[in-house]
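Please read the structure below before turning to the comments.
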Amino acid sequence: MAEPTGTGTRLADPDVEARLARLDDVLAGLEPLPGAATEAVRLLTEVYGEALARVLDQADEQLAERLADDELLGHLLVLHDIHPEPPERRAARAVERLRPAVRERGGDVEWAGAEGQVGRVRLTTGGGCGSGCGGGGSEVTDAVREAVLAVAPELTAVEPLPSTPAPAFVPLSTLTHRGAQ
């Protein structure tokens with residue numbers, strides 16, 4: 001539902017999502033058409049991208065950060081290759097946003113950095129079985145991959161690091177008193 005503002009009508013997030021889904025359908029229908037329609041869409045997108053870049057140029061650091069934090073604007077900034085944050089930082093934030101949901105499932109996820117254009121995450125699934133367990137592990141891995149690539153399409157892949165088992169704890173007293181018995 002649209003929300004009124006002082007200068008016009010704003011769209012609620014579900015309305016934006018519905019329009020984006022419809023836009024995807026319309027653009028898919030334009031693909032087979034020759035030239036004029038697709039060129040008009042491309043040119044309009046370039047002009048809007050330039051307008052958005054000019055807004056970002058005028059913004060102070062705090063405003064630029066708030067604009068980048070908005071989900072819709074953040075995606076547009078990425079689309080036009082003008083997002084003020086580097087891809088690795090955006091990816092780390094996406095992983096951090098997913099972390100509570102992964103923890104609710106008994107696992108954990110942590111951004112481990114990028115090697116070239118490949119993002120790396122440390123991922124454990126419920127039961128402490130690591131990313132190699134069946135079932136929910138691949139769902140979580142897929143969700144993490146999708147979230148990271150949505151905010152950092154400059155990365156070509158997101159891969160879980162091999163899980164390493166936690167070192168076994170051996171009390172010092174068992175090592176030092178062994179011969180005393």
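A note on labels: chains of the structure tokens are A, B, ... as shown, every chain counts residues from 1, and ligands are counted from 1 in their shown order.
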Which of stretch 78-135 of chain A counts as strand (DSSP E) under DSSP, as a PyMOL selection string please?
-> chain A and resi 108-115+118-124
Residues of stretch 25-75 of chain A that have any atom at most 10 Å from an atom of stretch 87-103 of chain A: could you tabulate them with the shortest-distance atom pair and the distance in Å to one decimal, using only C-alpha atoms, ordered by chain and increasing number, as a tab-separated table?
residue	atom	partner	partner_atom	distance
A:Ala68	CA	A:Arg90	CA	9.6
A:Asp69	CA	A:Arg90	CA	9.7
A:Gly74	CA	A:Arg90	CA	9.6
Kindly save the residues from that selection, with N, CA, C and O atoms included, as a short mmCIF file (atom, residue, chain, number, x, y, z; two decimals), in the first residue's frame.
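Below is the file that was written, again-v1.cif:
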data_model
loop_
_atom_site.label_atom_id
_atom_site.label_comp_id
_atom_site.auth_asym_id
_atom_site.auth_seq_id
_atom_site.Cartn_x
_atom_site.Cartn_y
_atom_site.Cartn_z
N ALA A 68 23.10 3.75 1.50
CA ALA A 68 23.62 2.42 1.20
C ALA A 68 22.98 1.35 2.07
O ALA A 68 22.84 0.20 1.65
N ASP A 69 22.57 1.70 3.29
CA ASP A 69 21.94 0.75 4.20
C ASP A 69 20.51 0.41 3.81
O ASP A 69 20.00 -0.64 4.19
N GLY A 74 20.43 0.37 -1.73
CA GLY A 74 21.68 -0.38 -1.77
C GLY A 74 21.79 -1.22 -3.03
O GLY A 74 22.84 -1.27 -3.68
#
Tell me which protein, DNA and RNA residues are within 7 Å of stretch 75-83 of chain A, counting only C-alpha atoms, leaving out same-chain ones fewer than 4 positions away, and put them as a PyMOL selection string.
-> chain A and resi 49+53+68+71+151
Just-selected residues, all heavy atoms written as a compact mmCIF listing (two decimals), in the first residue's frame:
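Result file is result_16.txt:
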# COMPACT_ATOMS: atom_id res chain seq x y z
N GLY A 49 20.73 6.05 -13.25
CA GLY A 49 21.98 5.72 -12.56
C GLY A 49 22.85 6.95 -12.38
O GLY A 49 23.45 7.16 -11.32
N ALA A 53 24.01 8.68 -8.90
CA ALA A 53 25.42 8.97 -8.63
C ALA A 53 25.60 10.43 -8.21
O ALA A 53 26.39 10.73 -7.32
CB ALA A 53 26.26 8.65 -9.86
N ALA A 68 23.10 3.75 1.50
CA ALA A 68 23.62 2.42 1.20
C ALA A 68 22.98 1.35 2.07
O ALA A 68 22.84 0.20 1.65
CB ALA A 68 25.14 2.40 1.36
N GLU A 71 17.73 -1.14 1.81
CA GLU A 71 17.81 -2.32 0.96
C GLU A 71 17.62 -2.00 -0.53
O GLU A 71 18.42 -2.40 -1.37
CB GLU A 71 16.80 -3.38 1.39
CG GLU A 71 16.94 -4.67 0.63
CD GLU A 71 15.98 -5.74 1.10
OE1 GLU A 71 15.14 -5.48 1.98
OE2 GLU A 71 16.08 -6.87 0.57
N VAL A 151 24.25 -8.74 -2.63
CA VAL A 151 24.80 -7.44 -2.23
C VAL A 151 26.19 -7.19 -2.79
O VAL A 151 26.66 -6.06 -2.79
CB VAL A 151 24.83 -7.26 -0.70
CG1 VAL A 151 23.42 -7.32 -0.12
CG2 VAL A 151 25.74 -8.25 -0.03
Write out as an MDAnalysis selection string each polymer residue whose atoms come within 6 Å of stretch 104-112 of chain A, counting only C-alpha atoms; drop sequence neighbours fewer than 3 positions from it.
-> chainID A and resid 92 99 101 120:126
What would the file look like if the residues just selected were written as a CSV table (one decimal), in the first residue's frame with all heavy atoms?
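The result, stored in again_26.csv:
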chain,number,residue,atom,x,y,z
A,92,ALA,N,30.3,-9.1,4.1
A,92,ALA,CA,30.5,-9.4,5.5
A,92,ALA,C,29.2,-9.0,6.3
A,92,ALA,O,28.7,-9.7,7.2
A,92,ALA,CB,31.7,-8.7,6.1
A,99,ARG,N,23.4,-14.3,10.4
A,99,ARG,CA,23.9,-15.1,11.5
A,99,ARG,C,22.8,-15.5,12.6
A,99,ARG,O,22.8,-16.6,13.0
A,99,ARG,CB,25.0,-14.3,12.2
A,99,ARG,CG,25.9,-15.1,13.0
A,99,ARG,CD,27.2,-14.4,13.4
A,99,ARG,NE,28.2,-15.3,13.8
A,99,ARG,CZ,29.3,-15.0,14.3
A,99,ARG,NH1,29.6,-13.8,14.5
A,99,ARG,NH2,30.2,-15.9,14.7
A,101,ALA,N,19.7,-16.1,12.3
A,101,ALA,CA,18.8,-17.1,11.7
A,101,ALA,C,19.5,-18.5,11.7
A,101,ALA,O,19.0,-19.5,11.9
A,101,ALA,CB,18.3,-16.7,10.3
A,120,ARG,N,34.5,-16.3,1.0
A,120,ARG,CA,34.7,-17.5,1.9
A,120,ARG,C,33.9,-17.3,3.2
A,120,ARG,O,34.0,-16.2,3.8
A,120,ARG,CB,36.2,-17.7,2.2
A,120,ARG,CG,37.1,-17.8,1.0
A,120,ARG,CD,37.1,-19.2,0.4
A,120,ARG,NE,38.1,-19.3,-0.6
A,120,ARG,CZ,38.0,-20.0,-1.6
A,120,ARG,NH1,36.9,-20.8,-1.8
A,120,ARG,NH2,39.0,-20.1,-2.5
A,121,VAL,N,33.2,-18.3,3.6
A,121,VAL,CA,32.5,-18.3,4.9
A,121,VAL,C,32.9,-19.5,5.7
A,121,VAL,O,33.2,-20.6,5.1
A,121,VAL,CB,31.0,-18.2,4.7
A,121,VAL,CG1,30.6,-16.9,4.1
A,121,VAL,CG2,30.5,-19.4,3.9
A,122,ARG,N,32.9,-19.3,7.0
A,122,ARG,CA,33.0,-20.5,7.9
A,122,ARG,C,31.6,-20.8,8.3
A,122,ARG,O,30.8,-19.9,8.8
A,122,ARG,CB,33.8,-20.1,9.2
A,122,ARG,CG,35.3,-20.1,8.9
A,122,ARG,CD,36.1,-19.9,10.2
A,122,ARG,NE,37.4,-19.6,9.9
A,122,ARG,CZ,37.9,-18.4,9.6
A,122,ARG,NH1,37.1,-17.3,9.6
A,122,ARG,NH2,39.1,-18.2,9.2
A,123,LEU,N,31.2,-22.0,8.1
A,123,LEU,CA,29.8,-22.4,8.3
A,123,LEU,C,29.7,-23.7,9.1
A,123,LEU,O,30.4,-24.7,8.7
A,123,LEU,CB,29.1,-22.6,7.0
A,123,LEU,CG,27.6,-23.0,6.9
A,123,LEU,CD1,26.8,-21.9,7.6
A,123,LEU,CD2,27.2,-23.2,5.5
A,124,THR,N,29.0,-23.7,10.2
A,124,THR,CA,28.7,-25.0,10.9
A,124,THR,C,27.2,-25.1,10.9
A,124,THR,O,26.5,-24.1,11.0
A,124,THR,CB,29.3,-24.9,12.3
A,124,THR,OG1,28.8,-23.8,13.0
A,124,THR,CG2,30.8,-24.9,12.3
A,125,THR,N,26.7,-26.3,10.9
A,125,THR,CA,25.3,-26.6,10.9
A,125,THR,C,25.0,-27.2,12.3
A,125,THR,O,25.9,-27.6,13.0
A,125,THR,CB,24.8,-27.5,9.8
A,125,THR,OG1,25.6,-28.7,9.8
A,125,THR,CG2,25.0,-26.8,8.4
A,126,GLY,N,23.7,-27.3,12.6
A,126,GLY,CA,23.3,-27.9,13.8
A,126,GLY,C,23.9,-29.2,14.2
A,126,GLY,O,24.2,-30.0,13.3
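Going from atom CA of A:Glu50 over to atom CA of A:Gly116, you cover 28.5 Å.
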Atom CA of A:Pro86 to atom CA of A:Thr45: how many Å, to one decimal?
-> 22.4 Å
